[in-house]
Amino acid sequence: MNKLKKAIPHIVFLGPAFILFSLAVIIPFAVSIYYSLTDWNGISSTSNFVGFKNYIAIFSGKTQFLTAAKFTVWIGLVIVVLTNLLGIALAALLEKKFHGSDFFRAVFFLPNTMGGVVMGYIWRFIFIAAFGALGEIFKWKVLQLPWLGTPGTAYAALIIVSVWQGAGYVMVIMIAALTGIPAELTEAAKVDGASAWKTFWSVKMPQCIPYLTVCLFWSIATSFKMFDVNVALTKGGPYGMTTSMAQQIYNDAFTSNRYGLANAEAMVFFVIIFVVTALQMYLTGREEKRLS
């Protein structure tokens, strides 16, 4: 009876949140698992149970999902590395206050406030029209490339746009981390004769590991779930070579009406994201413990 009385406050306060979480996450997730084992087309009121047929189709290469997965993992890792490197570099440059520093911080963060679809169409105009016109004027071959016409240049275009959008967010997080480092640490490094680079790498960066963990977690989740930029910028082309996993799931569900297959792909997508994120959290968490 005493245990029940102690549990009542927890039930009262956590109960509504758990119910909402169940309605928004747990129940839809369970329903998706069920539909991944059917051949439902997303329209009819009936469906047939097919077991693991959809999963077998995915891993046997009968769908385009594995191709989309390889592309997403490859380009996602590149985007994560470049976004964080550029964000850290910008944070190091703009850490200290100087005339115009707030302006530059706002300029570099501005792309992150834009929607992916809007940004994709803006950059589509830049790659097709603006670069082409400037290339003809200045005779620069790099601007005359078919940026969205070949797989290689389309990859580069997606990387440029994604890094340009995400670096500002990493910059803001890392500026907060760098400005929070006690001045005594950097002053002690200067007294010991450490260079600016040595101070930044050996003194400042270890103190920023928790913030870097947040940046990595965010950039991995964002890059692996990329959808709107692909749709607006390349539409998955050329020849479907820039179709991301999220875009392939959307195509199978709402274009091909293979809703059961799309749910199976979504489950595989979930596992990939979970494994990559768990590995990243484990490695950064171990590094935090080592430095603490």
# chains A, B, ... in the order shown; residues from 1 in each chain; ligands from 1

call {"tool": "residues_around", "arguments": {"residues": "stretch 182-188 of chain A", "least_positions_apart": "4", "cutoff": "10 Å", "atoms": "only C-alpha atoms", "output": "MDAnalysis selection string"}}
result
chainID A and resid 178 192:194 196 199:200 203:204 207

call {"tool": "select_by_dssp", "arguments": {"residues": "stretch 67-262 of chain A", "states": "alpha helix (DSSP H)", "output": "ChimeraX atom specification"}}
result
/A:67-94,101-109,116-125,131-138,151-179,183-191,196-199,205-207,209-224,228-233,245-250,259-262

call {"tool": "closest_residue", "arguments": {"among": "A:Gly152, A:Pro210, A:Gly237, A:Gly132", "to": "A:Glu287", "atoms": "only C-alpha atoms"}}
result
A:Pro210

call {"tool": "closest_residue", "arguments": {"among": "A:Leu261, A:Val172, A:Leu145, A:Ala177", "to": "A:Val107", "atoms": "only C-alpha atoms"}}
result
A:Val172

call {"tool": "closest_residue", "arguments": {"among": "A:Thr150, A:Gln165, A:Ser45, A:Thr83", "to": "A:Pro111", "atoms": "only C-alpha atoms"}}
result
A:Gln165

call {"tool": "residues_around", "arguments": {"residues": "A:Leu94", "least_positions_apart": "2", "cutoff": "8 Å", "atoms": "only C-alpha atoms", "output": "list in words"}}
result
Leu90, Ala91, Ala92, Lys96, Lys97, Ser101, Phe104, Arg105 and Ile175 of chain A

call {"tool": "closest_residue", "arguments": {"among": "A:Phe131, A:Tyr121, A:Trp74, A:Phe269", "to": "A:Val229", "atoms": "only C-alpha atoms"}}
result
A:Tyr121

call {"tool": "residues_around", "arguments": {"residues": "A:Ala266", "least_positions_apart": "6", "cutoff": "10 Å", "atoms": "only C-alpha atoms", "output": "JSON list (two decimals) with N, CA and C atoms, in the first residue's frame"}}
result
[["chain", "number", "residue", "atom", "x", "y", "z"],
["A", 32, "SER", "N", 3.90, 0.21, -37.85],
["A", 32, "SER", "CA", 4.81, 0.17, -38.99],
["A", 32, "SER", "C", 5.49, -1.19, -39.10],
["A", 33, "ILE", "N", 5.85, -1.77, -37.96],
["A", 33, "ILE", "CA", 6.45, -3.11, -37.99],
["A", 33, "ILE", "C", 5.46, -4.11, -38.59],
["A", 36, "SER", "N", 5.12, -3.63, -42.31],
["A", 36, "SER", "CA", 6.32, -4.05, -43.03],
["A", 36, "SER", "C", 6.28, -5.54, -43.37],
["A", 245, "MET", "N", 18.02, 7.52, -48.63],
["A", 245, "MET", "CA", 17.15, 6.48, -48.07],
["A", 245, "MET", "C", 15.76, 7.03, -47.78],
["A", 246, "ALA", "N", 15.69, 8.23, -47.20],
["A", 246, "ALA", "CA", 14.38, 8.82, -46.88],
["A", 246, "ALA", "C", 13.59, 9.07, -48.16],
["A", 248, "GLN", "N", 13.94, 7.43, -51.03],
["A", 248, "GLN", "CA", 13.54, 6.14, -51.60],
["A", 248, "GLN", "C", 12.33, 5.58, -50.87],
["A", 249, "ILE", "N", 12.29, 5.73, -49.56],
["A", 249, "ILE", "CA", 11.13, 5.27, -48.79],
["A", 249, "ILE", "C", 9.88, 6.03, -49.22],
["A", 250, "TYR", "N", 10.02, 7.34, -49.39],
["A", 250, "TYR", "CA", 8.89, 8.16, -49.85],
["A", 250, "TYR", "C", 8.43, 7.72, -51.24],
["A", 260, "GLY", "N", 3.82, -1.44, -47.80],
["A", 260, "GLY", "CA", 4.42, -2.48, -46.97],
["A", 260, "GLY", "C", 5.92, -2.52, -47.14],
["A", 272, "ILE", "N", 19.86, 1.33, -39.10],
["A", 272, "ILE", "CA", 21.12, 1.95, -39.54],
["A", 272, "ILE", "C", 21.40, 3.21, -38.73]]

call {"tool": "atom_distance", "arguments": {"atom1": "atom CA of A:Pro9", "atom2": "atom CA of A:Leu23"}}
result
21.8 Å

call {"tool": "residues_around", "arguments": {"residues": "A:Thr243", "least_positions_apart": "6", "cutoff": "10 Å", "atoms": "only C-alpha atoms", "output": "PyMOL selection string"}}
result
chain A and resi 64-65+67-69+71-72+226-227+230-231+234-237+249+251

call {"tool": "write_last_selection", "arguments": {"atoms": "N, CA and C atoms", "output": "PDB file, in the first residue's frame"}}
result
ATOM      1  N   GLN A  64      15.675  -0.565 -54.976  1.00  0.00           N
ATOM      2  CA  GLN A  64      16.757   0.412 -55.068  1.00  0.00           C
ATOM      3  C   GLN A  64      17.231   0.901 -53.693  1.00  0.00           C
ATOM      4  N   PHE A  65      16.720   0.266 -52.631  1.00  0.00           N
ATOM      5  CA  PHE A  65      17.011   0.783 -51.297  1.00  0.00           C
ATOM      6  C   PHE A  65      18.482   0.641 -50.930  1.00  0.00           C
ATOM      7  N   THR A  67      21.066   0.680 -52.883  1.00  0.00           N
ATOM      8  CA  THR A  67      21.797   1.725 -53.602  1.00  0.00           C
ATOM      9  C   THR A  67      21.642   3.058 -52.894  1.00  0.00           C
ATOM     10  N   ALA A  68      20.402   3.363 -52.474  1.00  0.00           N
ATOM     11  CA  ALA A  68      20.146   4.604 -51.745  1.00  0.00           C
ATOM     12  C   ALA A  68      20.867   4.596 -50.397  1.00  0.00           C
ATOM     13  N   ALA A  69      20.937   3.432 -49.750  1.00  0.00           N
ATOM     14  CA  ALA A  69      21.610   3.334 -48.451  1.00  0.00           C
ATOM     15  C   ALA A  69      23.103   3.582 -48.602  1.00  0.00           C
ATOM     16  N   PHE A  71      24.612   5.304 -50.935  1.00  0.00           N
ATOM     17  CA  PHE A  71      24.795   6.722 -51.222  1.00  0.00           C
ATOM     18  C   PHE A  71      24.641   7.562 -49.961  1.00  0.00           C
ATOM     19  N   THR A  72      23.609   7.275 -49.164  1.00  0.00           N
ATOM     20  CA  THR A  72      23.337   8.070 -47.967  1.00  0.00           C
ATOM     21  C   THR A  72      24.449   7.939 -46.940  1.00  0.00           C
ATOM     22  N   MET A 226      18.548  13.159 -44.749  1.00  0.00           N
ATOM     23  CA  MET A 226      18.411  14.171 -45.794  1.00  0.00           C
ATOM     24  C   MET A 226      17.317  13.763 -46.791  1.00  0.00           C
ATOM     25  N   PHE A 227      16.453  14.703 -47.071  1.00  0.00           N
ATOM     26  CA  PHE A 227      15.322  14.439 -47.969  1.00  0.00           C
ATOM     27  C   PHE A 227      14.967  15.670 -48.794  1.00  0.00           C
ATOM     28  N   ASN A 230      17.594  16.943 -51.343  1.00  0.00           N
ATOM     29  CA  ASN A 230      17.670  16.061 -52.519  1.00  0.00           C
ATOM     30  C   ASN A 230      16.524  16.312 -53.477  1.00  0.00           C
ATOM     31  N   VAL A 231      15.317  16.390 -52.922  1.00  0.00           N
ATOM     32  CA  VAL A 231      14.135  16.576 -53.757  1.00  0.00           C
ATOM     33  C   VAL A 231      14.201  17.887 -54.523  1.00  0.00           C
ATOM     34  N   THR A 234      18.357  17.975 -56.689  1.00  0.00           N
ATOM     35  CA  THR A 234      18.674  17.003 -57.754  1.00  0.00           C
ATOM     36  C   THR A 234      17.498  16.112 -58.135  1.00  0.00           C
ATOM     37  N   LYS A 235      16.428  16.119 -57.305  1.00  0.00           N
ATOM     38  CA  LYS A 235      15.278  15.231 -57.516  1.00  0.00           C
ATOM     39  C   LYS A 235      15.697  13.757 -57.550  1.00  0.00           C
ATOM     40  N   GLY A 236      16.825  13.460 -56.901  1.00  0.00           N
ATOM     41  CA  GLY A 236      17.323  12.088 -56.866  1.00  0.00           C
ATOM     42  C   GLY A 236      18.169  11.721 -58.058  1.00  0.00           C
ATOM     43  N   GLY A 237      18.272  12.586 -59.040  1.00  0.00           N
ATOM     44  CA  GLY A 237      19.032  12.301 -60.252  1.00  0.00           C
ATOM     45  C   GLY A 237      20.485  12.732 -60.125  1.00  0.00           C
ATOM     46  N   ILE A 249      12.291   5.729 -49.559  1.00  0.00           N
ATOM     47  CA  ILE A 249      11.129   5.273 -48.789  1.00  0.00           C
ATOM     48  C   ILE A 249       9.880   6.030 -49.224  1.00  0.00           C
ATOM     49  N   ASN A 251       9.373   7.486 -52.137  1.00  0.00           N
ATOM     50  CA  ASN A 251       9.009   7.074 -53.501  1.00  0.00           C
ATOM     51  C   ASN A 251       8.255   5.752 -53.503  1.00  0.00           C
TER      52      ASN A 251
END

call {"tool": "closest_residue", "arguments": {"among": "A:Ser219, A:Gln247, A:Thr284, A:Ser44", "to": "A:Leu85", "atoms": "only C-alpha atoms"}}
result
A:Ser219
